[in-house]
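For reference, entry_24.tsv (TSV, C-alpha atoms and all ligand atoms):
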chain	number	residue	atom	x	y	z
A	1	MET	CA	2.23	14.26	-28.02
A	2	ARG	CA	-0.74	11.88	-28.04
A	3	SER	CA	-3.68	12.93	-25.85
A	4	ARG	CA	-4.52	9.26	-25.26
A	5	LEU	CA	-1.51	7.71	-23.59
A	6	LYS	CA	-0.55	4.05	-23.74
A	7	ILE	CA	0.72	3.10	-20.31
A	8	GLY	CA	2.24	-0.13	-19.00
A	9	MET	CA	1.71	-0.73	-15.27
A	10	VAL	CA	4.03	-3.24	-13.61
A	11	CYS	CA	3.15	-4.20	-10.04
A	12	TYR	CA	2.70	-6.94	-7.46
A	13	PRO	CA	-0.78	-8.40	-7.95
A	14	SER	CA	-1.48	-9.37	-4.33
A	15	ILE	CA	-3.31	-7.60	-1.50
A	16	GLY	CA	-0.83	-4.94	-0.43
A	17	GLY	CA	-0.59	-1.19	-0.69
A	18	SER	CA	1.64	-0.90	-3.73
A	19	GLY	CA	-0.39	-3.34	-5.84
A	20	ILE	CA	-3.62	-1.65	-4.78
A	21	VAL	CA	-2.31	1.83	-5.63
A	22	ALA	CA	-1.02	0.65	-9.03
A	23	THR	CA	-4.28	-1.12	-9.83
A	24	GLU	CA	-6.53	1.74	-8.77
A	25	LEU	CA	-4.34	4.25	-10.65
A	26	GLY	CA	-4.50	2.12	-13.80
A	27	MET	CA	-8.29	1.86	-13.54
A	28	LEU	CA	-8.64	5.63	-13.00
A	29	LEU	CA	-6.43	6.34	-16.01
A	30	ALA	CA	-8.39	3.86	-18.13
A	31	ALA	CA	-11.66	5.52	-17.09
A	32	ALA	CA	-10.14	8.83	-18.23
A	33	GLY	CA	-9.60	7.33	-21.71
A	34	HIS	CA	-5.98	6.12	-21.56
A	35	GLU	CA	-4.96	2.60	-22.61
A	36	ILE	CA	-3.52	0.64	-19.69
A	37	HIS	CA	-1.52	-2.59	-19.88
A	38	PHE	CA	-0.94	-4.42	-16.58
A	39	ILE	CA	2.05	-6.76	-16.45
A	40	SER	CA	2.41	-9.14	-13.50
A	41	TYR	CA	2.57	-12.84	-12.61
A	42	GLU	CA	-1.14	-12.86	-11.73
A	43	ARG	CA	-4.09	-10.67	-12.46
A	44	PRO	CA	-4.06	-7.93	-9.75
A	45	VAL	CA	-6.73	-8.71	-7.14
A	46	ARG	CA	-8.54	-5.40	-7.40
A	47	LEU	CA	-8.41	-5.21	-11.21
A	48	LYS	CA	-11.91	-5.08	-12.62
A	49	CYS	CA	-12.46	-5.76	-16.30
A	50	GLY	CA	-13.25	-2.71	-18.32
A	51	GLU	CA	-12.64	-0.67	-21.39
A	52	ASN	CA	-8.99	0.30	-22.08
A	53	LEU	CA	-7.67	-2.27	-19.57
A	54	PHE	CA	-5.46	-5.19	-20.54
A	55	PHE	CA	-3.60	-7.79	-18.52
A	56	HIS	CA	-0.42	-9.52	-19.73
A	57	PRO	CA	0.72	-12.38	-17.48
A	58	VAL	CA	4.38	-13.10	-16.91
A	59	VAL	CA	4.87	-16.86	-17.25
A	60	VAL	CA	7.53	-18.38	-15.02
A	61	ASN	CA	8.47	-21.97	-15.75
A	62	GLU	CA	10.34	-24.10	-13.26
A	63	TYR	CA	13.68	-25.62	-14.21
A	64	ALA	CA	15.56	-28.12	-12.06
A	65	LEU	CA	18.66	-26.32	-13.25
A	66	PHE	CA	17.81	-23.28	-11.12
A	67	LYS	CA	18.14	-23.65	-7.36
A	68	TYR	CA	16.15	-20.38	-6.97
A	69	PRO	CA	13.26	-19.57	-9.31
A	70	ASP	CA	13.96	-16.50	-11.44
A	71	TYR	CA	11.25	-13.90	-12.07
A	72	THR	CA	13.20	-10.86	-13.30
A	73	LEU	CA	14.23	-12.34	-16.66
A	74	PRO	CA	10.80	-13.59	-17.84
A	75	LEU	CA	9.41	-10.28	-16.53
A	76	SER	CA	11.83	-8.28	-18.67
A	77	VAL	CA	10.96	-10.38	-21.75
A	78	ARG	CA	7.23	-9.81	-21.17
A	79	ILE	CA	7.76	-6.07	-20.69
A	80	MET	CA	9.76	-5.92	-23.93
A	81	GLU	CA	7.02	-7.80	-25.84
A	82	VAL	CA	4.23	-5.57	-24.52
A	83	CYS	CA	6.24	-2.38	-25.24
A	84	GLU	CA	6.89	-3.50	-28.79
A	85	GLU	CA	3.43	-4.84	-29.56
A	86	HIS	CA	1.50	-1.91	-28.05
A	87	GLN	CA	4.00	0.94	-28.60
A	88	LEU	CA	3.76	2.10	-25.00
A	89	ASP	CA	4.47	5.76	-24.18
A	90	ILE	CA	5.00	5.20	-20.47
A	91	LEU	CA	6.09	2.21	-18.44
A	92	HIS	CA	5.13	2.85	-14.81
A	93	VAL	CA	6.78	0.32	-12.50
A	94	HIS	CA	5.98	-0.02	-8.83
A	95	TYR	CA	9.11	-0.98	-6.88
A	96	ALA	CA	12.67	-0.73	-8.15
A	97	VAL	CA	13.41	-4.41	-7.69
A	98	PRO	CA	12.61	-6.40	-9.59
A	99	HIS	CA	10.24	-4.21	-11.62
A	100	ALA	CA	12.45	-1.24	-12.59
A	101	THR	CA	15.37	-3.61	-13.10
A	102	GLY	CA	13.21	-5.71	-15.46
A	103	ALA	CA	12.10	-2.54	-17.27
A	104	LEU	CA	15.72	-1.44	-17.80
A	105	LEU	CA	16.62	-4.84	-19.24
A	106	ALA	CA	13.59	-4.64	-21.56
A	107	LYS	CA	14.70	-1.18	-22.69
A	108	GLN	CA	18.13	-2.52	-23.59
A	109	MET	CA	16.61	-5.39	-25.53
A	110	LEU	CA	14.37	-2.96	-27.44
A	111	GLY	CA	17.53	-1.27	-28.74
A	112	GLN	CA	16.69	1.30	-31.41
A	113	LYS	CA	12.95	0.55	-31.40
A	114	LYS	CA	10.44	2.90	-29.76
A	115	LEU	CA	11.30	3.18	-26.07
A	116	PRO	CA	8.78	4.07	-23.39
A	117	VAL	CA	9.54	6.57	-20.63
A	118	ILE	CA	10.25	4.56	-17.48
A	119	VAL	CA	8.65	5.88	-14.29
A	120	THR	CA	9.60	4.12	-11.06
A	121	THR	CA	7.47	4.60	-7.97
A	122	LEU	CA	9.17	3.66	-4.72
A	123	HIS	CA	6.73	2.38	-2.12
A	124	GLY	CA	8.95	1.83	0.90
A	125	THR	CA	10.50	-1.57	1.39
A	126	ASP	CA	12.94	-1.00	-1.51
A	127	THR	CA	14.44	1.69	0.69
A	128	ASN	CA	13.61	0.89	4.30
A	129	LEU	CA	14.26	-2.88	4.09
A	130	LEU	CA	16.18	-4.01	0.97
A	131	GLY	CA	18.14	-0.74	0.82
A	132	LYS	CA	19.91	-1.85	4.00
A	133	ASP	CA	20.99	-5.16	2.40
A	134	PRO	CA	24.40	-4.78	0.70
A	135	HIS	CA	23.42	-7.57	-1.72
A	136	TYR	CA	20.52	-5.47	-3.04
A	137	ARG	CA	21.55	-1.83	-2.47
A	138	PRO	CA	23.67	-1.39	-5.66
A	139	ILE	CA	20.99	-2.78	-8.00
A	140	ILE	CA	18.29	-0.62	-6.39
A	141	LYS	CA	20.52	2.46	-6.72
A	142	TYR	CA	21.23	1.55	-10.37
A	143	SER	CA	17.52	1.03	-11.12
A	144	ILE	CA	16.60	4.37	-9.56
A	145	GLU	CA	19.37	6.29	-11.33
A	146	ASN	CA	18.50	4.82	-14.73
A	147	SER	CA	14.75	5.40	-14.57
A	148	ASP	CA	13.51	8.42	-16.53
A	149	GLY	CA	11.35	9.53	-13.61
A	150	VAL	CA	11.23	8.52	-9.96
A	151	THR	CA	8.44	9.16	-7.50
A	152	THR	CA	7.98	8.34	-3.83
A	153	VAL	CA	4.73	8.15	-1.91
A	154	SER	CA	5.86	10.55	0.83
A	155	GLU	CA	8.43	13.26	1.63
A	156	SER	CA	9.81	10.98	4.30
A	157	LEU	CA	10.48	8.18	1.80
A	158	LYS	CA	12.11	10.69	-0.57
A	159	ALA	CA	14.51	11.87	2.15
A	160	GLN	CA	15.25	8.31	3.24
A	161	THR	CA	15.89	7.22	-0.37
A	162	ILE	CA	18.34	10.08	-1.02
A	163	GLU	CA	20.15	9.25	2.21
A	164	THR	CA	20.18	5.46	1.76
A	165	PHE	CA	21.33	5.37	-1.88
A	166	GLU	CA	23.08	8.77	-2.14
A	167	VAL	CA	21.15	9.37	-5.37
A	168	GLN	CA	21.31	12.67	-7.30
A	169	HIS	CA	18.33	11.76	-9.50
A	170	PRO	CA	15.37	14.14	-8.98
A	171	ILE	CA	12.56	12.53	-7.01
A	172	THR	CA	8.97	13.79	-7.11
A	173	VAL	CA	6.57	13.07	-4.25
A	174	ILE	CA	3.11	11.91	-5.31
A	175	PRO	CA	1.13	10.58	-2.36
A	176	ASN	CA	-1.23	7.61	-2.34
A	177	PHE	CA	-4.98	8.07	-2.68
A	178	TYR	CA	-8.24	6.43	-1.65
A	179	ALA	CA	-11.96	7.09	-1.71
A	180	PRO	CA	-14.39	4.77	0.10
A	181	GLY	CA	-16.23	2.28	-2.10
A	182	PRO	CA	-19.84	1.21	-1.55
A	183	ILE	CA	-21.08	-0.26	1.75
A	184	THR	CA	-22.96	-3.54	1.16
A	185	GLN	CA	-23.87	-4.46	4.77
A	186	SER	CA	-24.97	-2.07	7.50
A	187	ARG	CA	-22.77	-1.31	10.53
A	188	GLU	CA	-25.28	-3.18	12.72
A	189	GLU	CA	-25.26	-6.29	10.50
A	190	VAL	CA	-21.47	-6.45	10.42
A	191	ARG	CA	-21.16	-5.98	14.19
A	192	GLN	CA	-23.78	-8.65	14.78
A	193	MET	CA	-21.90	-11.05	12.51
A	194	LEU	CA	-18.67	-10.29	14.42
A	195	GLN	CA	-20.50	-10.61	17.77
A	196	VAL	CA	-19.59	-7.09	18.83
A	197	ARG	CA	-22.17	-5.38	21.05
A	198	ASP	CA	-23.35	-1.79	20.50
A	199	SER	CA	-21.77	-0.80	23.80
A	200	GLU	CA	-18.37	-2.17	22.78
A	201	TYR	CA	-15.62	-0.28	20.95
A	202	LEU	CA	-14.35	-2.04	17.86
A	203	LEU	CA	-10.70	-1.34	17.05
A	204	LEU	CA	-9.51	-2.23	13.56
A	205	HIS	CA	-6.08	-3.15	12.19
A	206	MET	CA	-5.43	-4.06	8.53
A	207	SER	CA	-2.05	-5.17	7.23
A	208	ASN	CA	0.02	-8.02	5.83
A	209	ILE	CA	0.95	-8.62	9.53
A	210	ARG	CA	4.64	-8.97	8.68
A	211	PRO	CA	7.04	-8.41	11.63
A	212	GLY	CA	7.43	-4.68	10.86
A	213	LYS	CA	3.73	-4.13	11.56
A	214	ARG	CA	4.40	-4.99	15.23
A	215	VAL	CA	1.07	-6.77	15.73
A	216	ALA	CA	2.42	-8.14	19.03
A	217	ASP	CA	2.59	-4.53	20.33
A	218	LEU	CA	-1.09	-4.10	19.48
A	219	LEU	CA	-2.02	-7.29	21.32
A	220	THR	CA	0.01	-6.22	24.37
A	221	ALA	CA	-1.65	-2.78	24.24
A	222	LEU	CA	-5.09	-4.42	24.12
A	223	ALA	CA	-4.27	-6.52	27.19
A	224	ARG	CA	-3.10	-3.39	29.04
A	225	LEU	CA	-6.17	-1.24	28.33
A	226	LYS	CA	-7.97	0.08	31.39
A	227	ASN	CA	-11.17	-0.23	29.35
A	228	ARG	CA	-10.33	-3.62	27.94
A	229	LYS	CA	-13.68	-5.22	28.87
A	230	GLN	CA	-15.38	-2.70	26.55
A	231	VAL	CA	-13.07	-3.26	23.58
A	232	LYS	CA	-12.60	-5.77	20.78
A	233	LEU	CA	-9.91	-5.78	18.10
A	234	LEU	CA	-10.65	-6.81	14.53
A	235	ILE	CA	-7.60	-7.75	12.48
A	236	LEU	CA	-7.96	-7.96	8.69
A	237	ALA	CA	-4.88	-10.04	8.06
A	238	GLY	CA	-3.16	-10.28	4.70
A	239	GLY	CA	-0.94	-13.04	6.11
A	240	ASP	CA	-0.80	-15.98	8.50
A	241	PHE	CA	-2.00	-15.08	12.04
A	242	GLU	CA	-1.07	-18.48	13.48
A	243	PRO	CA	2.25	-17.30	15.03
A	244	TYR	CA	0.29	-14.83	17.20
A	245	GLN	CA	-2.20	-17.36	18.62
A	246	ALA	CA	0.12	-18.12	21.55
A	247	ASP	CA	0.21	-14.38	22.42
A	248	LEU	CA	-3.59	-14.29	22.60
A	249	ILE	CA	-3.57	-17.11	25.15
A	250	ARG	CA	-0.62	-15.74	27.13
A	251	LEU	CA	-2.27	-12.31	27.34
A	252	GLY	CA	-5.74	-13.76	28.03
A	253	ILE	CA	-7.37	-11.86	25.17
A	254	GLN	CA	-8.69	-14.74	23.01
A	255	ASP	CA	-12.27	-13.49	23.40
A	256	ARG	CA	-11.30	-9.89	22.50
A	257	VAL	CA	-9.60	-10.49	19.12
A	258	ILE	CA	-11.31	-11.36	15.82
A	259	VAL	CA	-9.12	-12.25	12.83
A	260	ILE	CA	-10.33	-12.42	9.23
A	261	ARG	CA	-7.91	-13.34	6.42
A	262	ASP	CA	-7.45	-11.92	2.94
A	263	VAL	CA	-10.39	-9.52	2.87
A	264	LYS	CA	-10.75	-7.88	-0.53
A	265	GLU	CA	-13.74	-5.63	0.18
A	266	ILE	CA	-12.74	-3.68	3.28
A	267	GLU	CA	-15.49	-1.04	3.29
A	268	ASP	CA	-18.10	-2.84	5.42
A	269	TYR	CA	-15.55	-3.53	8.17
A	270	LEU	CA	-14.25	0.03	8.16
A	271	ASN	CA	-17.80	1.29	8.45
A	272	ALA	CA	-18.45	-1.01	11.43
A	273	CYS	CA	-15.35	-0.09	13.46
A	274	ASP	CA	-14.72	2.84	15.82
A	275	LEU	CA	-10.98	3.44	15.75
A	276	GLY	CA	-7.96	2.28	13.67
A	277	VAL	CA	-4.79	1.02	15.39
A	278	TYR	CA	-1.37	0.76	13.70
A	279	ALA	CA	1.93	-0.03	15.45
A	280	SER	CA	4.39	-0.22	12.48
A	281	GLU	CA	8.07	0.40	13.10
A	282	ALA	CA	8.56	1.64	9.50
A	283	GLU	CA	5.97	2.86	7.03
A	284	SER	CA	6.56	4.99	3.96
A	285	PHE	CA	2.92	6.09	3.85
A	286	GLY	CA	0.44	3.70	5.46
A	287	LEU	CA	-2.31	3.16	2.89
A	288	SER	CA	-4.43	1.21	5.41
A	289	ILE	CA	-4.26	4.23	7.69
A	290	LEU	CA	-5.56	6.49	4.91
A	291	GLU	CA	-8.34	3.97	4.19
A	292	THR	CA	-9.34	4.06	7.86
A	293	LEU	CA	-9.32	7.89	8.02
A	294	ALA	CA	-11.31	8.17	4.78
A	295	HIS	CA	-14.12	6.18	6.43
A	296	GLY	CA	-14.34	8.82	9.15
A	297	LYS	CA	-12.47	6.85	11.79
A	298	ALA	CA	-9.64	8.35	13.84
A	299	VAL	CA	-6.48	6.28	14.30
A	300	VAL	CA	-3.86	5.63	16.92
A	301	ALA	CA	-0.63	5.11	14.96
A	302	THR	CA	3.11	5.21	15.40
A	303	GLU	CA	5.05	8.36	14.56
A	304	VAL	CA	7.35	6.79	11.95
A	305	GLY	CA	8.23	7.37	8.27
A	306	GLY	CA	5.44	8.98	6.27
A	307	ILE	CA	2.66	8.39	8.82
A	308	PRO	CA	2.84	11.98	10.18
A	309	GLU	CA	2.17	13.17	6.59
A	310	VAL	CA	-1.11	11.21	6.65
A	311	VAL	CA	-2.26	11.61	10.27
A	312	GLN	CA	-2.39	14.94	12.09
A	313	ASP	CA	-1.68	14.32	15.74
A	314	GLY	CA	-4.52	15.58	17.92
A	315	ARG	CA	-6.74	16.44	14.92
A	316	THR	CA	-7.33	13.25	12.92
A	317	GLY	CA	-5.75	10.78	15.33
A	318	ARG	CA	-3.04	10.24	17.90
A	319	LEU	CA	0.61	9.58	17.09
A	320	VAL	CA	2.70	7.59	19.58
A	321	PRO	CA	6.30	6.34	19.61
A	322	ALA	CA	7.04	2.98	17.95
A	323	HIS	CA	7.74	-0.12	20.09
A	324	SER	CA	5.59	1.30	22.89
A	325	PRO	CA	2.47	-0.77	23.70
A	326	GLY	CA	1.95	1.33	26.86
A	327	ALA	CA	1.68	4.53	24.79
A	328	ILE	CA	-0.75	2.85	22.35
A	329	ALA	CA	-2.91	1.66	25.26
A	330	ALA	CA	-2.91	5.11	26.90
A	331	ALA	CA	-3.93	6.82	23.64
A	332	ILE	CA	-6.78	4.32	23.04
A	333	ASP	CA	-8.00	4.66	26.65
A	334	GLN	CA	-7.98	8.44	26.36
A	335	LEU	CA	-10.11	8.39	23.20
A	336	ILE	CA	-12.54	5.87	24.68
A	337	GLU	CA	-12.96	8.14	27.69
A	338	GLU	CA	-13.60	11.12	25.41
A	339	PRO	CA	-16.00	9.69	22.80
A	340	GLN	CA	-16.98	13.11	21.48
A	341	ARG	CA	-13.35	13.89	20.75
A	342	MET	CA	-12.93	10.54	18.99
A	343	GLN	CA	-15.96	11.32	16.84
A	344	ALA	CA	-14.78	14.85	16.05
A	345	MET	CA	-11.39	13.46	15.01
A	346	GLY	CA	-13.14	10.94	12.77
A	347	LEU	CA	-15.09	13.70	11.02
A	348	ALA	CA	-11.91	15.74	10.54
A	349	ALA	CA	-10.16	12.60	9.24
A	350	ALA	CA	-12.77	12.01	6.52
A	351	LYS	CA	-12.62	15.65	5.40
A	352	GLU	CA	-8.84	15.70	5.36
A	353	ALA	CA	-8.64	12.42	3.39
A	354	GLN	CA	-11.06	13.77	0.83
A	355	ALA	CA	-9.28	17.10	0.50
A	356	ARG	CA	-5.70	15.81	0.26
A	357	PHE	CA	-5.85	12.25	-1.05
A	358	ALA	CA	-8.78	12.21	-3.48
A	359	PRO	CA	-8.20	9.78	-6.42
A	360	PRO	CA	-8.80	12.28	-9.30
A	361	VAL	CA	-6.38	14.79	-7.75
A	362	ILE	CA	-3.57	12.23	-7.50
A	363	ARG	CA	-4.37	10.73	-10.94
A	364	ASP	CA	-3.91	14.19	-12.45
A	365	GLN	CA	-0.58	14.62	-10.64
A	366	TYR	CA	0.67	11.38	-12.24
A	367	LEU	CA	-0.67	12.42	-15.65
A	368	ALA	CA	1.07	15.81	-15.45
A	369	TYR	CA	4.27	14.03	-14.39
A	370	TYR	CA	4.07	11.59	-17.34
A	371	ARG	CA	3.48	14.45	-19.78
A	372	ASP	CA	6.39	16.50	-18.41
A	373	LEU	CA	8.74	13.53	-18.86
A	374	LEU	CA	7.45	12.85	-22.38
A	375	ALA	CA	7.90	16.50	-23.33
A	376	ALA	CA	11.43	16.57	-21.89
A	377	ARG	CA	12.85	13.68	-23.87
A	401	LIG	O1	3.77	-2.49	4.08
A	401	LIG	C1	4.16	-3.44	3.44
A	401	LIG	O2	4.88	-4.29	3.93
A	401	LIG	C2	3.70	-3.64	2.01
A	401	LIG	C3	4.15	-2.55	1.08
A	401	LIG	C4	3.56	-2.85	-0.29
A	401	LIG	O3	4.27	-3.36	-1.13
A	401	LIG	O4	2.42	-2.56	-0.52
A	401	LIG	O5	3.70	-1.29	1.53
A	401	LIG	C5	4.43	-0.15	1.15
A	401	LIG	O6	3.70	0.54	0.12
A	401	LIG	C6	2.44	1.06	0.52
A	401	LIG	C7	1.80	1.74	-0.69
A	401	LIG	O7	2.54	2.83	-1.12
A	401	LIG	C8	2.62	2.04	1.70
A	401	LIG	O8	1.36	2.52	2.10
A	401	LIG	C9	3.31	1.30	2.86
A	401	LIG	O9	3.54	2.24	3.90
A	401	LIG	C10	4.63	0.72	2.39
A	401	LIG	N1	5.23	-0.10	3.45
A	401	LIG	C11	6.38	0.22	4.07
A	401	LIG	O10	6.98	1.25	3.87
A	401	LIG	C12	6.85	-0.74	5.10
Take the structure in this file and express it as structure tokens.
Ligand code: GMT
Amino acid sequence: MRSRLKIGMVCYPSIGGSGIVATELGMLLAAAGHEIHFISYERPVRLKCGENLFFHPVVVNEYALFKYPDYTLPLSVRIMEVCEEHQLDILHVHYAVPHATGALLAKQMLGQKKLPVIVTTLHGTDTNLLGKDPHYRPIIKYSIENSDGVTTVSESLKAQTIETFEVQHPITVIPNFYAPGPITQSREEVRQMLQVRDSEYLLLHMSNIRPGKRVADLLTALARLKNRKQVKLLILAGGDFEPYQADLIRLGIQDRVIVIRDVKEIEDYLNACDLGVYASEAESFGLSILETLAHGKAVVATEVGGIPEVVQDGRTGRLVPAHSPGAIAAAIDQLIEEPQRMQAMGLAAAKEAQARFAPPVIRDQYLAYYRDLLAAR
């Protein structure tokens, strides 16, 4: 077996946990000497140029003939071309549909030529959203069962996947990872720019703000806080906040909420905040939560999916039931009234993140997994 692996990485290129994990993993593997080929419709946002890193765009042309644009077929052709041209050992796809499906089509087209080992990582919505749609469920099940290796980002997602698709295929859990990048502006500078006073608590929420993130619950919780005059909420939104503007006015919290869109460098904001707040109704892992903890900030988050595998209730944050703005407000108020406890939780959070979710540790778990699959075939 080659010591230097050639790995294809297929992912969504946008701001979003799965794309970020795939990109960071590819960059870590490249830094360790492996040759990494990204395949996507755009260059992944966090992909920095470097040695051993290549990007192969999938070109999708529009045809009046198609009522709905098709991505899976040009994707499978691109995957086939890259596999053939670069003799890939591993094809690591993030999400079963359309990425694993495209990989399986590519494998069929390659026929007798050298085939890569296909590793599918499930990130969540394949199972907890599309898995419930009868028009998608069979193709997701097929894509999982025909991958050479399948991983999930949490034990919870593994259990949910087995239950949803009734799959027999072994599934290995390899969690997500994160280590804080450099701070470019001081906490004071960032707070000044955001017009947050020293005496105020800055809550932070980062997500694509899709309905499942329950941003409206966070806004309601903010309006219900006993200590609301002392608190501001910063939302780093990877989506359109416009639909929530009416809630701000209705709840009278326009002057308490700051929204910034499509932030790529999150570190300065995480450094400037005091507490993370997450109200999701489903979450396989919660990469934003890990990012918050790793910066030494406790979180108030919902006790759903894989979140309890990331946050330890009472030690690194507080877990509350989903769909319960009152419980979120009570947990935030309690931490504000016990600032030393909030700080101690933040310190524990940073230590825990470093010990359990450090990038080199997780990179080595993926490498060992790739090598086991290569040896077994
Ligand atoms: O949360 C989303 O809607 C985006 C989605 C994605 O594609 O990035 O996130 C999923 O993958 C992340 C990375 O593994 C996880 O941290 C998120 O928890 C997961 N989202 C859901 O399960 C809803």
### Message
Give me, as a ChimeraX atom specification, the set of residues whose atoms come within 6 Å of any atom of ligand LIG 401 (chain A), counting only C-alpha atoms and all ligand atoms.
### Response
/A:16-18,123-125,153,282-287
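Atom pair CA of Arg256 in chain A / CA of Ile332 in chain A has a distance of 14.9 Å (rounded to one decimal).
Atom pair CA of Ala368 in chain A / CA of Val117 in chain A has a distance of 13.6 Å (rounded to one decimal).
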Give me the residues of range 66-145 of chain A that have any atom at most 12 Å from an atom of range 174-186 of chain A; for each, the nearest atom pair and the distance in Å, rounded to one decimal. Use only C-alpha atoms, sort by chain and number, and format it as CSV.
residue,atom,partner,partner_atom,distance
A:Thr120,CA,A:Ile174,CA,11.7
A:Thr121,CA,A:Ile174,CA,8.9
A:Leu122,CA,A:Ile174,CA,10.3
A:His123,CA,A:Asn176,CA,9.5
Go ahead and write the residues just picked, C-alpha atoms, as a short mmCIF file (atom, residue, chain, number, x, y, z; two decimals), keeping the file's coordinate frame.
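After the write, selection.cif holds the following:
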data_model
loop_
_atom_site.label_atom_id
_atom_site.label_comp_id
_atom_site.auth_asym_id
_atom_site.auth_seq_id
_atom_site.Cartn_x
_atom_site.Cartn_y
_atom_site.Cartn_z
CA THR A 120 9.60 4.12 -11.06
CA THR A 121 7.47 4.60 -7.97
CA LEU A 122 9.17 3.66 -4.72
CA HIS A 123 6.73 2.38 -2.12
#
#### Entry: Cut-off 9 Å around (13.1, -9.8, -17.3) with all atoms listed in the file: residues as a ChimeraX atom specification
/A:70-80,98-99,101-106
